[in-house]
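Colleague: Before we start, here is the structure in question, set down as structure tokens.
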Amino acid sequence: MRYIPATEKQKKEMLKEIGVSSFEDLIESIPQSIRVKGKLNIPEAISESELEEKIYHIAQKNSNFFLMKPLVGAGAYRHYIPEAEKFLLQREEFWTCYTPYQPELSQGTLQSIFEYQTYISRLTKMEVVIPSIYDGASATGEAVLMSLRLTHKNKIIVSNLLHPHYRETVKTYLAPHEPEIINLPYKKGLVDMEKLKTLIDEDVASVIIQSPNFFGGIEKLADISGIVHSKGALLISVIVESMSLGVLKAPGEMGADIVTGNAQSFGMDLNYGGPYNAYLATKKQYIRQLPGRIVGETVDVDGKRSFVMTLRAREQDIRRERATSNICTNHNLNVIAANIFLSLMGTEGLYQISLLNTKSSHYLENLLLKSEKFEKVFDYPFYNEFLLKSKDDISTINKKLLENNFIPPLKICEFYQEENLKDVLLFCVTEVLTRDNLNKIAKILSE
Amino acid sequence: MTNKVIENLYYTKSDEWLKVEDNIGTIGITDYAQDQLGDIVYLEKIEKGKKLKPGEALTTIESVKAVSDVNTPLAGEVIEVNEKVIEDASIINKDPYDAGWIAKIKMDNTDELKNLMNAQEYSEYRKE
């Protein structure tokens, strides 16, 4: 969007049109006491060339992200993005793909959404998928609201190993409903199943479980699902690291009723924390309570395959305050990024890259344990993130890593205050760390 | 536009009809309502035993172009649901006053009936 300021002549015309004599007249109703007096506290205007130089100097304070390899994930994962994807995403048509309400003008955009829904449906083994939500946390909030609508109940159980930011978002989404939110504690790095059995009852709408969980542990979703369903509640499965779907069993095969996930790992850069993209998938029987709408395949008047938005009637522009959700749009450029990424990877590629993540993370864990500078916190199966307790001061460790161009792991005590989690680091290893990198990290940390 | 009305039924401004037998009321939507909605595709499940205040939503009805609430004309408790229209909501388009009935309620207070319209009044109301 271009910003072209109005000329004095245009301003006069506009004032005349609305029937006031001057700008001062227009803002007359704003009390003098709250108006800015004098000039705003910003520097004087400078020339374009001076500005460029100034910004260049500021930018030099940044580290080069691509030379800094991350050992941290915790909700945002750096994976390799193929050049072909970056190139294709430059196409101008993709940059203006706003919510396509006119199917006759938007077949390309609609097809991109339909294909995204198909990818996510196959990866999660769920029957229906909406055209994406902004991020995993808000997708989870929407899923919980959906579970309240489906069950007419107002109590939920949330795993304490759901990403802390996601937990906060769920609370924000639910606040107007004044629900009862029960915290499900963990045991040995995975949700406490015995505790779940005692907490669950007929009043529970849904149980929200992240797997791999915030500590990296792979939950026994099928067993959890049995407990959840025994009392008529819904299981909401949350996937924060979607690359794990390449090797782990799909939540749809383990009894999940609603699946939400952060799709950032599928071809999206870290983007300073966003924009990302997230999915929400469910069973066909719950289709009427989905937030937003879906894109369906149909035929046009000539009998040719075409795409159209469907289930629109419950959206806010039609149903106003009675709409199922106020979700009405999505990050479609990121939908296309995920499509291109997944199509370039293919089934085999995704499996290989996902396997490499888990192999590399286990490789580093092994090296660090061997160094005897670290010890295991929990003995649990993990994907590409794991906790290790350090015998050295963790701030010193992180400083050493930074000096060697590695972004240090997360100090878990920033989110969990338990005594046994002091000096514990949450490591994340993706395929961007080569074997040489991992050996070097182990060497730095063994010294 | 069609607006067939049936004698001896009560009508609401939000286009529901009510048939009264003793203290049992049968609820449906009018011919005008089904015509305005167009092809009806879905009727949300209704729980038996649900207690409703006058004008409260009994269920939602979805057509290809809109979703609207079906409100109860009078307060009462849902005692019977027409499972056939839950299964195939298009019955309401074909036969809104008979096979297309939606639910039966046990009415709390039949005095409230005086707030509703008769066939003639409703017919006039929708003519405007």
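Chain identifiers are assigned as A, B, and so on, following the order in which chains appear in the structure tokens; residues are numbered from 1 within each chain, and ligands are numbered from 1 in order of appearance.
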Please build the interface table for chain B against chain A with a cut-off of 12 Å, listing for each qualifying residue the nearest atom pair and the distance in Å to one decimal; count only C-alpha atoms, order rows by chain and increasing number, and write it as CSV.
Modeller:
```
residue,atom,partner,partner_atom,distance
B:Leu37,CA,A:Ala313,CA,11.2
B:Ile40,CA,A:Ala313,CA,11.7
B:Val41,CA,A:Leu311,CA,10.5
B:Tyr42,CA,A:Arg288,CA,9.2
B:Leu43,CA,A:Arg288,CA,10.3
B:Glu44,CA,A:Arg288,CA,8.8
B:Lys45,CA,A:Leu150,CA,10.5
B:Ile46,CA,A:His152,CA,11.8
B:Glu47,CA,A:His152,CA,10.7
B:Lys50,CA,A:His152,CA,11.9
B:Ala57,CA,A:Arg322,CA,11.4
B:Thr60,CA,A:Arg314,CA,10.3
B:Ile61,CA,A:Ala313,CA,10.4
B:Glu62,CA,A:Ala313,CA,7.4
B:Ser63,CA,A:Ala313,CA,7.9
B:Val64,CA,A:Ala313,CA,7.3
B:Lys65,CA,A:Ala313,CA,5.9
B:Ala66,CA,A:Ala313,CA,4.9
B:Val67,CA,A:Ala313,CA,5.6
B:Ser68,CA,A:Arg319,CA,7.9
B:Asp69,CA,A:Arg322,CA,9.4
```
Colleague: Quick one: everything within 7 Å of Val335 (chain A), counting only C-alpha atoms, minus sequence neighbours fewer than 4 positions away in the same chain. Send it as a compact mmCIF listing (two decimals) with C-alpha atoms, in the first residue's frame.
Modeller:
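Saved to part_6.txt:
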```
# COMPACT_ATOMS: atom_id res chain seq x y z
CA ILE A 113 -6.33 -23.46 0.53
CA TYR A 116 -3.35 -27.04 2.34
CA ASN A 277 0.36 -20.18 10.36
CA HIS A 331 -2.33 -16.05 6.61
CA ASN A 339 2.09 -26.07 0.39
```
Colleague: Identify, on the basis of only C-alpha atoms, every residue whose closest approach to Val129 (chain A) does not exceed 7 Å; exclude the query and any residue fewer than 6 positions from it along the same chain; express the result as a PyMOL selection string.
Modeller: chain A and resi 117+120-121+280-282
Colleague: Could you save those same residues with C-alpha atoms as a PDB file, in the first residue's frame?
Modeller:
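Final output, saved to out-v6.pdb:
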```pdb
ATOM      1  CA  GLN A 117      -6.447 -28.611   3.937  1.00  0.00           C
ATOM      2  CA  ILE A 120      -2.978 -31.229   6.919  1.00  0.00           C
ATOM      3  CA  SER A 121      -5.782 -33.770   6.759  1.00  0.00           C
ATOM      4  CA  LEU A 280      -7.257 -26.720  13.151  1.00  0.00           C
ATOM      5  CA  ALA A 281      -8.593 -30.113  12.146  1.00  0.00           C
ATOM      6  CA  THR A 282     -11.445 -32.224  13.403  1.00  0.00           C
TER       7      THR A 282
END
```
Colleague: Compare A:Asp393, A:Glu44, A:Glu168, A:Glu375 by their minimum atom-to-atom distance to Gly141 (chain A), counting only C-alpha atoms, and give me the closest one.
Modeller: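 The closest residue to Gly141 (chain A) is A:Glu168.
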Colleague: Any idea what's packed within 6 Å of Gly252 (chain A), counting only C-alpha atoms, ignoring anything in its chain fewer than 4 positions away? Could you give it as a ChimeraX atom specification?
Modeller: /A:124-126,256
Colleague: Pull N, CA and C atoms from the residues just selected and write them as a PDB file, in the first residue's frame.
Modeller:
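Now in again21.pdb:
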```pdb
ATOM      1  N   THR A 124      -2.407 -35.219   9.757  1.00  0.00           N
ATOM      2  CA  THR A 124      -2.981 -35.399  11.098  1.00  0.00           C
ATOM      3  C   THR A 124      -3.946 -36.577  11.149  1.00  0.00           C
ATOM      4  N   LYS A 125      -4.320 -37.088   9.969  1.00  0.00           N
ATOM      5  CA  LYS A 125      -5.335 -38.153   9.831  1.00  0.00           C
ATOM      6  C   LYS A 125      -6.667 -37.701  10.438  1.00  0.00           C
ATOM      7  N   MET A 126      -7.031 -36.466  10.125  1.00  0.00           N
ATOM      8  CA  MET A 126      -8.330 -35.940  10.549  1.00  0.00           C
ATOM      9  C   MET A 126      -9.152 -35.682   9.289  1.00  0.00           C
ATOM     10  N   ALA A 256      -7.702 -38.444  18.778  1.00  0.00           N
ATOM     11  CA  ALA A 256      -7.917 -37.003  18.964  1.00  0.00           C
ATOM     12  C   ALA A 256      -9.230 -36.575  18.312  1.00  0.00           C
TER      13      ALA A 256
END
```
Colleague: Just the residues within 6 Å of Ile156 (chain A), please, counting only C-alpha atoms, with nothing from its chain fewer than 5 positions along; format it as a PyMOL selection string.
Modeller: chain A and resi 181+204-207
Colleague: Between region 71-116 of chain B and region 12-32 of chain B, at 8 Å or less, what are the per-residue closest atom pairs and their distances in Å? Count only C-alpha atoms, order by chain and rising residue number, and return it as CSV.
Modeller:
```
residue,atom,partner,partner_atom,distance
B:Asn71,CA,B:Glu16,CA,7.2
B:Thr72,CA,B:Ile27,CA,7.2
B:Pro73,CA,B:Thr12,CA,6.5
B:Ile92,CA,B:Ile29,CA,7.8
B:Asn93,CA,B:Asp31,CA,7.7
B:Pro96,CA,B:Asp31,CA,5.8
B:Tyr97,CA,B:Gly28,CA,6.7
B:Gly100,CA,B:Gly28,CA,6.8
B:Trp101,CA,B:Gly28,CA,4.6
B:Ile102,CA,B:Gly28,CA,5.1
B:Ala103,CA,B:Ile27,CA,5.5
B:Lys104,CA,B:Thr26,CA,4.3
B:Ile105,CA,B:Gly25,CA,5.2
B:Lys106,CA,B:Ile24,CA,4.8
B:Met107,CA,B:Asn23,CA,5.5
B:Asp108,CA,B:Asn23,CA,7.9
B:Thr110,CA,B:Asn23,CA,7.0
B:Leu116,CA,B:Thr12,CA,5.7
```
